[in-house]
>>> print(open('upload-v4.pdb').read())   # PDB, C-alpha atoms
ATOM      1  CA  MET A   1     148.524   4.274  94.264  1.00  0.00           C
ATOM      2  CA  SER A   2     147.334   1.612  91.881  1.00  0.00           C
ATOM      3  CA  THR A   3     149.715  -1.273  91.267  1.00  0.00           C
ATOM      4  CA  GLN A   4     149.985  -3.471  88.251  1.00  0.00           C
ATOM      5  CA  THR A   5     151.629  -6.797  88.907  1.00  0.00           C
ATOM      6  CA  GLU A   6     153.349  -8.097  85.780  1.00  0.00           C
ATOM      7  CA  ASP A   7     152.215 -11.639  85.213  1.00  0.00           C
ATOM      8  CA  PRO A   8     152.839 -13.482  81.954  1.00  0.00           C
ATOM      9  CA  SER A   9     149.239 -14.680  81.675  1.00  0.00           C
ATOM     10  CA  ASN A  10     147.300 -11.580  82.721  1.00  0.00           C
ATOM     11  CA  LYS A  11     147.758  -8.136  84.206  1.00  0.00           C
ATOM     12  CA  ILE A  12     145.968  -7.538  87.487  1.00  0.00           C
ATOM     13  CA  THR A  13     144.913  -4.048  88.435  1.00  0.00           C
ATOM     14  CA  GLU A  14     144.395  -3.460  92.132  1.00  0.00           C
ATOM     15  CA  LEU A  15     143.050  -0.120  93.177  1.00  0.00           C
ATOM     16  CA  SER A  16     143.685   1.488  96.532  1.00  0.00           C
ATOM     17  CA  TYR A  17     140.661   2.515  98.583  1.00  0.00           C
ATOM     18  CA  ARG A  18     141.106   6.128  97.485  1.00  0.00           C
ATOM     19  CA  GLU A  19     140.686   5.305  93.812  1.00  0.00           C
ATOM     20  CA  LYS A  20     137.662   3.046  94.119  1.00  0.00           C
ATOM     21  CA  VAL A  21     134.250   4.695  94.109  1.00  0.00           C
ATOM     22  CA  PRO A  22     132.900   4.374  97.681  1.00  0.00           C
ATOM     23  CA  VAL A  23     129.586   2.568  97.957  1.00  0.00           C
ATOM     24  CA  VAL A  24     128.541   4.851 100.813  1.00  0.00           C
ATOM     25  CA  ALA A  25     128.916   7.965  98.661  1.00  0.00           C
ATOM     26  CA  MET A  26     126.836   6.378  95.890  1.00  0.00           C
ATOM     27  CA  LYS A  27     124.131   5.321  98.360  1.00  0.00           C
ATOM     28  CA  GLU A  28     123.984   8.821  99.789  1.00  0.00           C
ATOM     29  CA  ILE A  29     123.529  10.355  96.355  1.00  0.00           C
ATOM     30  CA  LEU A  30     120.810   7.864  95.472  1.00  0.00           C
ATOM     31  CA  HIS A  31     118.972   8.465  98.730  1.00  0.00           C
ATOM     32  CA  GLU A  32     119.101  12.260  98.464  1.00  0.00           C
ATOM     33  CA  CYS A  33     117.935  12.300  94.854  1.00  0.00           C
ATOM     34  CA  LEU A  34     115.055   9.927  95.515  1.00  0.00           C
ATOM     35  CA  VAL A  35     113.790  11.782  98.581  1.00  0.00           C
ATOM     36  CA  GLU A  36     114.139  15.187  96.923  1.00  0.00           C
ATOM     37  CA  ARG A  37     112.322  14.236  93.754  1.00  0.00           C
ATOM     38  CA  LEU A  38     109.681  11.793  94.898  1.00  0.00           C
ATOM     39  CA  THR A  39     108.462  12.971  98.301  1.00  0.00           C
ATOM     40  CA  GLY A  40     104.757  13.612  98.011  1.00  0.00           C
ATOM     41  CA  GLN A  41     104.577  12.314  94.459  1.00  0.00           C
ATOM     42  CA  ALA A  42     101.408  10.424  93.505  1.00  0.00           C
ATOM     43  CA  TYR A  43     101.291   7.913  90.673  1.00  0.00           C
ATOM     44  CA  GLU A  44     100.523   9.420  87.264  1.00  0.00           C
ATOM     45  CA  GLY A  45     101.396   7.358  84.196  1.00  0.00           C
ATOM     46  CA  GLU A  46     102.985  10.060  82.070  1.00  0.00           C
ATOM     47  CA  LYS A  47     104.686  11.917  84.890  1.00  0.00           C
ATOM     48  CA  CYS A  48     106.230   8.815  86.394  1.00  0.00           C
ATOM     49  CA  ASN A  49     107.551   7.834  82.994  1.00  0.00           C
ATOM     50  CA  GLU A  50     109.408  11.142  82.716  1.00  0.00           C
ATOM     51  CA  ALA A  51     110.338  11.108  86.378  1.00  0.00           C
ATOM     52  CA  ALA A  52     112.138   7.776  85.997  1.00  0.00           C
ATOM     53  CA  LYS A  53     114.246   9.077  83.119  1.00  0.00           C
ATOM     54  CA  GLN A  54     114.912  12.460  84.725  1.00  0.00           C
ATOM     55  CA  LEU A  55     115.840  10.904  88.043  1.00  0.00           C
ATOM     56  CA  ALA A  56     118.297   8.589  86.291  1.00  0.00           C
ATOM     57  CA  ASP A  57     119.871  11.601  84.562  1.00  0.00           C
ATOM     58  CA  VAL A  58     120.131  13.606  87.781  1.00  0.00           C
ATOM     59  CA  ILE A  59     121.751  10.722  89.645  1.00  0.00           C
ATOM     60  CA  ARG A  60     124.167  10.082  86.780  1.00  0.00           C
ATOM     61  CA  ASN A  61     125.248  13.727  86.719  1.00  0.00           C
ATOM     62  CA  ARG A  62     125.882  13.736  90.457  1.00  0.00           C
ATOM     63  CA  LEU A  63     127.911  10.540  90.219  1.00  0.00           C
ATOM     64  CA  LYS A  64     129.944  12.074  87.393  1.00  0.00           C
ATOM     65  CA  ASN A  65     130.688  15.069  89.629  1.00  0.00           C
ATOM     66  CA  LEU A  66     132.212  12.831  92.289  1.00  0.00           C
ATOM     67  CA  GLY A  67     135.383  13.139  90.234  1.00  0.00           C
ATOM     68  CA  TYR A  68     136.329   9.517  89.566  1.00  0.00           C
ATOM     69  CA  ASP A  69     137.530  10.007  86.012  1.00  0.00           C
ATOM     70  CA  ARG A  70     138.386   6.423  85.184  1.00  0.00           C
ATOM     71  CA  TYR A  71     134.880   5.191  85.959  1.00  0.00           C
ATOM     72  CA  LYS A  72     131.834   4.648  83.783  1.00  0.00           C
ATOM     73  CA  PHE A  73     128.506   5.025  85.590  1.00  0.00           C
ATOM     74  CA  ILE A  74     125.226   3.279  84.882  1.00  0.00           C
ATOM     75  CA  VAL A  75     122.039   4.201  86.725  1.00  0.00           C
ATOM     76  CA  GLN A  76     118.766   2.296  86.661  1.00  0.00           C
ATOM     77  CA  VAL A  77     115.540   3.641  88.148  1.00  0.00           C
ATOM     78  CA  LEU A  78     112.324   1.686  88.612  1.00  0.00           C
ATOM     79  CA  ILE A  79     109.109   3.500  89.629  1.00  0.00           C
ATOM     80  CA  GLY A  80     105.867   1.628  90.176  1.00  0.00           C
ATOM     81  CA  GLU A  81     102.371   2.183  91.479  1.00  0.00           C
ATOM     82  CA  ARG A  82     101.524   0.626  94.827  1.00  0.00           C
ATOM     83  CA  ARG A  83      98.549  -1.624  94.371  1.00  0.00           C
ATOM     84  CA  ASP A  84      99.441  -4.507  96.647  1.00  0.00           C
ATOM     85  CA  GLN A  85     101.112  -6.401  93.832  1.00  0.00           C
ATOM     86  CA  GLY A  86     104.215  -8.466  94.424  1.00  0.00           C
ATOM     87  CA  VAL A  87     107.444  -7.378  92.781  1.00  0.00           C
ATOM     88  CA  TYR A  88     111.033  -8.589  92.861  1.00  0.00           C
ATOM     89  CA  PHE A  89     114.081  -6.971  91.322  1.00  0.00           C
ATOM     90  CA  GLY A  90     117.433  -8.758  91.069  1.00  0.00           C
ATOM     91  CA  THR A  91     120.713  -8.017  89.370  1.00  0.00           C
ATOM     92  CA  ARG A  92     123.809  -9.982  88.434  1.00  0.00           C
ATOM     93  CA  CYS A  93     127.115  -8.532  87.298  1.00  0.00           C
ATOM     94  CA  PHE A  94     130.042 -10.033  85.444  1.00  0.00           C
ATOM     95  CA  TRP A  95     132.938  -7.688  86.164  1.00  0.00           C
ATOM     96  CA  ASP A  96     136.157  -7.166  88.047  1.00  0.00           C
ATOM     97  CA  ALA A  97     135.443  -7.200  91.777  1.00  0.00           C
ATOM     98  CA  ASN A  98     138.744  -5.436  92.496  1.00  0.00           C
ATOM     99  CA  THR A  99     137.636  -2.263  90.737  1.00  0.00           C
ATOM    100  CA  ASP A 100     133.859  -2.214  90.192  1.00  0.00           C
ATOM    101  CA  ASN A 101     131.022  -1.431  92.597  1.00  0.00           C
ATOM    102  CA  GLN A 102     127.296  -1.071  92.842  1.00  0.00           C
ATOM    103  CA  ALA A 103     124.810   0.574  95.224  1.00  0.00           C
ATOM    104  CA  SER A 104     121.036   0.623  95.481  1.00  0.00           C
ATOM    105  CA  GLU A 105     118.348   2.466  97.421  1.00  0.00           C
ATOM    106  CA  THR A 106     114.585   2.123  97.712  1.00  0.00           C
ATOM    107  CA  PHE A 107     112.026   4.815  98.388  1.00  0.00           C
ATOM    108  CA  THR A 108     108.342   4.295  99.163  1.00  0.00           C
ATOM    109  CA  ASN A 109     105.385   6.499  99.966  1.00  0.00           C
ATOM    110  CA  ASP A 110     101.675   5.752 100.054  1.00  0.00           C
ATOM    111  CA  HIS A 111     101.269   5.776  96.270  1.00  0.00           C
ATOM    112  CA  ILE A 112     104.520   4.724  94.641  1.00  0.00           C
ATOM    113  CA  PHE A 113     107.643   2.690  95.204  1.00  0.00           C
ATOM    114  CA  CYS A 114     110.978   3.436  93.605  1.00  0.00           C
ATOM    115  CA  THR A 115     114.269   1.558  93.395  1.00  0.00           C
ATOM    116  CA  ALA A 116     117.432   3.184  92.103  1.00  0.00           C
ATOM    117  CA  THR A 117     120.573   1.167  91.384  1.00  0.00           C
ATOM    118  CA  SER A 118     123.893   2.573  90.319  1.00  0.00           C
ATOM    119  CA  TYR A 119     126.928   0.718  88.983  1.00  0.00           C
ATOM    120  CA  ALA A 120     130.474   2.022  88.730  1.00  0.00           C
ATOM    121  CA  VAL A 121     132.642   0.215  86.160  1.00  0.00           C
ATOM    122  CA  TYR A 122     136.351   0.894  85.833  1.00  0.00           C
ATOM    123  CA  LEU A 123     137.923   1.656  82.457  1.00  0.00           C
ATOM    124  CA  TYR A 124     141.430   0.176  82.267  1.00  0.00           C
TER
ATOM    125  CA  GLN B   1     134.812  -3.512  65.804  1.00  0.00           C
ATOM    126  CA  VAL B   2     133.179  -5.654  68.428  1.00  0.00           C
ATOM    127  CA  THR B   3     129.759  -4.346  69.356  1.00  0.00           C
ATOM    128  CA  PHE B   4     126.929  -5.417  71.582  1.00  0.00           C
ATOM    129  CA  THR B   5     123.760  -5.654  69.472  1.00  0.00           C
ATOM    130  CA  PRO B   6     120.124  -6.172  70.430  1.00  0.00           C
ATOM    131  CA  GLU B   7     119.795  -8.826  67.711  1.00  0.00           C
ATOM    132  CA  THR B   8     122.242 -11.128  69.435  1.00  0.00           C
ATOM    133  CA  VAL B   9     121.216 -10.462  73.016  1.00  0.00           C
ATOM    134  CA  GLU B  10     117.406 -10.248  72.914  1.00  0.00           C
ATOM    135  CA  PRO B  11     116.896 -13.915  71.963  1.00  0.00           C
ATOM    136  CA  LEU B  12     119.015 -14.959  74.958  1.00  0.00           C
ATOM    137  CA  CYS B  13     116.849 -12.901  77.297  1.00  0.00           C
ATOM    138  CA  TYR B  14     113.581 -14.242  75.940  1.00  0.00           C
ATOM    139  CA  LYS B  15     114.867 -17.805  76.024  1.00  0.00           C
ATOM    140  CA  ALA B  16     115.707 -17.447  79.715  1.00  0.00           C
ATOM    141  CA  ILE B  17     112.445 -15.679  80.624  1.00  0.00           C
ATOM    142  CA  GLU B  18     110.247 -18.187  78.836  1.00  0.00           C
ATOM    143  CA  ALA B  19     112.138 -21.151  80.228  1.00  0.00           C
ATOM    144  CA  VAL B  20     111.631 -19.926  83.777  1.00  0.00           C
ATOM    145  CA  LEU B  21     108.296 -18.046  83.812  1.00  0.00           C
ATOM    146  CA  LYS B  22     106.094 -19.642  81.161  1.00  0.00           C
ATOM    147  CA  ASP B  23     102.779 -20.928  82.573  1.00  0.00           C
ATOM    148  CA  LYS B  24     103.664 -20.036  86.137  1.00  0.00           C
ATOM    149  CA  MET B  25     101.652 -18.010  88.644  1.00  0.00           C
ATOM    150  CA  TYR B  26     103.281 -15.284  90.687  1.00  0.00           C
ATOM    151  CA  ASN B  27     104.461 -16.695  93.992  1.00  0.00           C
ATOM    152  CA  PRO B  28     106.405 -14.558  96.479  1.00  0.00           C
ATOM    153  CA  ILE B  29     108.381 -17.539  97.742  1.00  0.00           C
ATOM    154  CA  HIS B  30     109.413 -18.757  94.297  1.00  0.00           C
ATOM    155  CA  VAL B  31     110.028 -15.403  92.645  1.00  0.00           C
ATOM    156  CA  THR B  32     113.454 -15.008  94.262  1.00  0.00           C
ATOM    157  CA  PRO B  33     114.937 -18.191  92.750  1.00  0.00           C
ATOM    158  CA  TRP B  34     113.177 -17.389  89.442  1.00  0.00           C
ATOM    159  CA  VAL B  35     114.866 -14.007  89.171  1.00  0.00           C
ATOM    160  CA  ASP B  36     118.190 -15.585  90.181  1.00  0.00           C
ATOM    161  CA  GLU B  37     117.736 -18.280  87.560  1.00  0.00           C
ATOM    162  CA  ILE B  38     116.899 -15.812  84.770  1.00  0.00           C
ATOM    163  CA  CYS B  39     119.876 -13.598  85.633  1.00  0.00           C
ATOM    164  CA  SER B  40     122.203 -16.619  85.837  1.00  0.00           C
ATOM    165  CA  ARG B  41     121.074 -18.034  82.503  1.00  0.00           C
ATOM    166  CA  VAL B  42     121.388 -14.725  80.684  1.00  0.00           C
ATOM    167  CA  THR B  43     124.800 -14.022  82.212  1.00  0.00           C
ATOM    168  CA  LYS B  44     126.064 -17.484  81.344  1.00  0.00           C
ATOM    169  CA  ASP B  45     124.905 -17.197  77.722  1.00  0.00           C
ATOM    170  CA  LEU B  46     126.536 -13.783  77.433  1.00  0.00           C
ATOM    171  CA  ILE B  47     129.832 -15.068  78.817  1.00  0.00           C
ATOM    172  CA  ASP B  48     129.704 -17.970  76.367  1.00  0.00           C
ATOM    173  CA  MET B  49     129.683 -15.463  73.497  1.00  0.00           C
ATOM    174  CA  ASN B  50     133.308 -14.748  74.456  1.00  0.00           C
ATOM    175  CA  LYS B  51     133.263 -11.027  73.717  1.00  0.00           C
ATOM    176  CA  PRO B  52     135.444  -8.511  75.598  1.00  0.00           C
ATOM    177  CA  PHE B  53     132.579  -7.046  77.616  1.00  0.00           C
ATOM    178  CA  LYS B  54     131.628  -6.678  81.238  1.00  0.00           C
ATOM    179  CA  TYR B  55     127.920  -7.407  81.751  1.00  0.00           C
ATOM    180  CA  LEU B  56     125.298  -6.022  84.124  1.00  0.00           C
ATOM    181  CA  VAL B  57     122.082  -8.045  84.009  1.00  0.00           C
ATOM    182  CA  SER B  58     119.001  -6.977  85.938  1.00  0.00           C
ATOM    183  CA  CYS B  59     115.632  -8.658  86.059  1.00  0.00           C
ATOM    184  CA  MET B  60     112.337  -7.396  87.470  1.00  0.00           C
ATOM    185  CA  VAL B  61     109.325  -9.676  87.906  1.00  0.00           C
ATOM    186  CA  MET B  62     106.023  -8.120  88.899  1.00  0.00           C
ATOM    187  CA  GLN B  63     102.591  -9.573  89.472  1.00  0.00           C
ATOM    188  CA  LYS B  64     100.023  -8.426  86.900  1.00  0.00           C
ATOM    189  CA  ASN B  65      97.227  -6.569  88.633  1.00  0.00           C
ATOM    190  CA  GLY B  66      96.775  -3.413  86.606  1.00  0.00           C
ATOM    191  CA  ALA B  67      99.409  -1.372  88.402  1.00  0.00           C
ATOM    192  CA  GLY B  68     101.809   0.631  86.282  1.00  0.00           C
ATOM    193  CA  VAL B  69     105.575   0.366  86.345  1.00  0.00           C
ATOM    194  CA  HIS B  70     108.230   2.481  84.647  1.00  0.00           C
ATOM    195  CA  MET B  71     111.911   1.859  84.231  1.00  0.00           C
ATOM    196  CA  GLY B  72     114.504   4.391  83.180  1.00  0.00           C
ATOM    197  CA  HIS B  73     118.250   4.285  82.861  1.00  0.00           C
ATOM    198  CA  SER B  74     121.031   6.772  82.298  1.00  0.00           C
ATOM    199  CA  CYS B  75     124.627   5.917  81.453  1.00  0.00           C
ATOM    200  CA  PHE B  76     127.945   7.720  81.425  1.00  0.00           C
ATOM    201  CA  TRP B  77     130.051   5.601  79.087  1.00  0.00           C
ATOM    202  CA  ASP B  78     131.548   5.225  75.612  1.00  0.00           C
ATOM    203  CA  ARG B  79     128.721   5.327  73.095  1.00  0.00           C
ATOM    204  CA  THR B  80     130.656   3.661  70.309  1.00  0.00           C
ATOM    205  CA  ASN B  81     131.299   0.435  72.199  1.00  0.00           C
ATOM    206  CA  ASP B  82     128.835   0.177  75.052  1.00  0.00           C
ATOM    207  CA  ASN B  83     125.170  -0.631  74.681  1.00  0.00           C
ATOM    208  CA  VAL B  84     122.029  -1.650  76.510  1.00  0.00           C
ATOM    209  CA  VAL B  85     119.325  -4.138  75.603  1.00  0.00           C
ATOM    210  CA  VAL B  86     115.914  -4.221  77.271  1.00  0.00           C
ATOM    211  CA  ALA B  87     113.624  -7.221  76.894  1.00  0.00           C
ATOM    212  CA  ARG B  88     110.023  -6.886  78.058  1.00  0.00           C
ATOM    213  CA  TRP B  89     107.833  -9.916  78.451  1.00  0.00           C
ATOM    214  CA  PRO B  90     105.065 -10.260  77.346  1.00  0.00           C
ATOM    215  CA  SER B  91     105.519  -7.823  74.467  1.00  0.00           C
ATOM    216  CA  GLU B  92     104.193  -7.197  70.979  1.00  0.00           C
ATOM    217  CA  ARG B  93     106.572  -9.674  69.441  1.00  0.00           C
ATOM    218  CA  ARG B  94     106.432 -12.237  72.239  1.00  0.00           C
ATOM    219  CA  LYS B  95     102.827 -12.476  73.246  1.00  0.00           C
ATOM    220  CA  ASP B  96     101.559 -14.655  76.018  1.00  0.00           C
ATOM    221  CA  PRO B  97      97.854 -14.192  76.802  1.00  0.00           C
ATOM    222  CA  ASN B  98      98.054 -16.419  79.870  1.00  0.00           C
ATOM    223  CA  ALA B  99     100.929 -14.587  81.501  1.00  0.00           C
ATOM    224  CA  ARG B 100     100.222 -13.609  85.098  1.00  0.00           C
ATOM    225  CA  MET B 101     103.447 -11.678  85.483  1.00  0.00           C
ATOM    226  CA  VAL B 102     105.387  -8.948  83.798  1.00  0.00           C
ATOM    227  CA  CYS B 103     109.125  -9.308  83.394  1.00  0.00           C
ATOM    228  CA  ILE B 104     111.725  -6.762  82.293  1.00  0.00           C
ATOM    229  CA  VAL B 105     115.307  -7.895  81.709  1.00  0.00           C
ATOM    230  CA  THR B 106     117.919  -5.199  81.135  1.00  0.00           C
ATOM    231  CA  VAL B 107     121.411  -6.064  79.947  1.00  0.00           C
ATOM    232  CA  PHE B 108     124.211  -3.480  79.888  1.00  0.00           C
ATOM    233  CA  GLY B 109     127.358  -4.395  77.968  1.00  0.00           C
ATOM    234  CA  ILE B 110     130.450  -2.373  78.776  1.00  0.00           C
ATOM    235  CA  ALA B 111     133.562  -2.818  76.692  1.00  0.00           C
ATOM    236  CA  PHE B 112     136.996  -2.913  78.274  1.00  0.00           C
TER
END
>>> encode(input="upload-v4.pdb", output="structure tokens")
Amino acid sequence: MSTQTEDPSNKITELSYREKVPVVAMKEILHECLVERLTGQAYEGEKCNEAAKQLADVIRNRLKNLGYDRYKFIVQVLIGERRDQGVYFGTRCFWDANTDNQASETFTNDHIFCTATSYAVYLY
Amino acid sequence: QVTFTPETVEPLCYKAIEAVLKDKMYNPIHVTPWVDEICSRVTKDLIDMNKPFKYLVSCMVMQKNGAGVHMGHSCFWDRTNDNVVVARWPSERRKDPNARMVCIVTVFGIAF
């Protein structure tokens, strides 16, 4: 059960492990969606553009179906062509570590690389 | 109604990107602290605005060599209060003919 400790200065919400979105479940969803959609995919400008958006939508719908009603989900997908360039992707979050979580997965084949990151943010 | 607008957030992103990446060459050793620095600066400026938002800042830096890159996002949230701002550098409004890198900063603002 979630507990709210009454404190004159601020209310603290602590969620039990059952109410927090598990990182493992999010990672599994990301991994399955990436492998299913991108295996064997070559780089084509237009198609990869749509694929990024569609993949983000698919992942978001699956996260919604996990059943954590108090959570907002954000999904970011990055697809790029492999041409021996260097790339680095970093993220920083300003949130409540007691309730919020993030997960990320990377997929590569001979032609493309793809990183998917999902964030779960609690609504008080 | 407190909202998260591109007009307020985009200048912060460009200020951070240009401060860190202007006139630099892509370097795999230095790119990690660069991305950290950009994310830290943007997050700090957002927090200083003192609005009731949680922020998710992501930054991608890629070497320019003709390869294509695409970024998509999908959100399950409250459309009236939550918003996203994407800043691409170099872009039409912020040109830099000498840039050897491409940078995309995405900021999600979630109201609570």
>>> closest_residue(input="upload-v4.pdb", among="A:Asp57, A:Glu19, A:Glu32, A:Glu44", to="chain B", atoms="only C-alpha atoms")
A:Asp57
>>> interface_residues(input="upload-v4.pdb", of="chain A", to="chain B", cutoff="10 Å", atoms="only C-alpha atoms", output="NGL selection string")
:A and (43-46 or 48-61 or 63-64 or 71-96 or 112-124)
>>> resolve_selection(input="upload-v4.pdb", expression="the PyMOL selection byres ((chain B and resi 3) around 9)", output="MDAnalysis selection string")
chainID B and resid 1:2 4:5 51 80:83 109 111
>>> atom_distance(input="upload-v4.pdb", atom1="atom CA of A:Pro22", atom2="atom CA of A:Glu36")
21.7 Å
>>> resolve_selection(input="upload-v4.pdb", expression="the PyMOL selection byres ((chain B and resi 11) around 12)", output="MDAnalysis selection string")
chainID B and resid 5:10 12:19 42 45:46 85:89 93:94 105
>>> resolve_selection(input="upload-v4.pdb", expression="the PyMOL selection byres ((chain A and resi 98) around 8)", output="JSON, numbers by chain")
{"A": [13, 14, 15, 96, 97, 99, 100]}
>>> atom_distance(input="upload-v4.pdb", atom1="atom CA of A:Leu66", atom2="atom CA of A:Thr39")
24.5 Å
>>> build_atoms(input="upload-v4.pdb", residues="stretch 73-93 of chain B", atoms="N, CA and C atoms", output="short mmCIF file (atom, residue, chain, number, x, y, z; two decimals), in the coordinates of the input")
data_model
loop_
_atom_site.label_atom_id
_atom_site.label_comp_id
_atom_site.auth_asym_id
_atom_site.auth_seq_id
_atom_site.Cartn_x
_atom_site.Cartn_y
_atom_site.Cartn_z
N HIS B 73 116.84 4.42 82.55
CA HIS B 73 118.25 4.28 82.86
C HIS B 73 119.03 5.41 82.21
N SER B 74 120.19 5.70 82.79
CA SER B 74 121.03 6.77 82.30
C SER B 74 122.47 6.31 82.45
N CYS B 75 123.29 6.49 81.41
CA CYS B 75 124.63 5.92 81.45
C CYS B 75 125.68 6.93 81.06
N PHE B 76 126.80 6.88 81.75
CA PHE B 76 127.94 7.72 81.42
C PHE B 76 129.02 6.77 80.95
N TRP B 77 129.15 6.61 79.62
CA TRP B 77 130.05 5.60 79.09
C TRP B 77 130.50 5.96 77.68
N ASP B 78 131.05 5.01 76.96
CA ASP B 78 131.55 5.22 75.61
C ASP B 78 130.48 4.75 74.62
N ARG B 79 129.87 5.68 73.92
CA ARG B 79 128.72 5.33 73.10
C ARG B 79 129.07 4.43 71.92
N THR B 80 130.33 4.47 71.49
CA THR B 80 130.66 3.66 70.31
C THR B 80 130.71 2.18 70.66
N ASN B 81 131.10 1.85 71.86
CA ASN B 81 131.30 0.44 72.20
C ASN B 81 130.28 -0.15 73.15
N ASP B 82 129.70 0.71 74.00
CA ASP B 82 128.84 0.18 75.05
C ASP B 82 127.39 0.29 74.63
N ASN B 83 126.56 -0.66 75.10
CA ASN B 83 125.17 -0.63 74.68
C ASN B 83 124.29 -1.28 75.72
N VAL B 84 122.99 -1.07 75.58
CA VAL B 84 122.03 -1.65 76.51
C VAL B 84 120.92 -2.32 75.71
N VAL B 85 120.43 -3.43 76.23
CA VAL B 85 119.32 -4.14 75.60
C VAL B 85 118.26 -4.36 76.66
N VAL B 86 117.01 -4.03 76.33
CA VAL B 86 115.91 -4.22 77.27
C VAL B 86 114.93 -5.21 76.66
N ALA B 87 114.59 -6.24 77.40
CA ALA B 87 113.62 -7.22 76.89
C ALA B 87 112.42 -7.21 77.82
N ARG B 88 111.25 -6.91 77.26
CA ARG B 88 110.02 -6.89 78.06
C ARG B 88 109.21 -8.11 77.68
N TRP B 89 108.63 -8.72 78.70
CA TRP B 89 107.83 -9.92 78.45
C TRP B 89 106.59 -9.86 79.27
N PRO B 90 105.38 -10.07 78.77
CA PRO B 90 105.06 -10.26 77.35
C PRO B 90 105.16 -8.95 76.56
N SER B 91 105.40 -9.03 75.28
CA SER B 91 105.52 -7.82 74.47
C SER B 91 104.80 -8.06 73.15
N GLU B 92 104.87 -7.07 72.27
CA GLU B 92 104.19 -7.20 70.98
C GLU B 92 104.69 -8.39 70.18
N ARG B 93 106.02 -8.59 70.25
CA ARG B 93 106.57 -9.67 69.44
C ARG B 93 106.52 -11.02 70.16
#
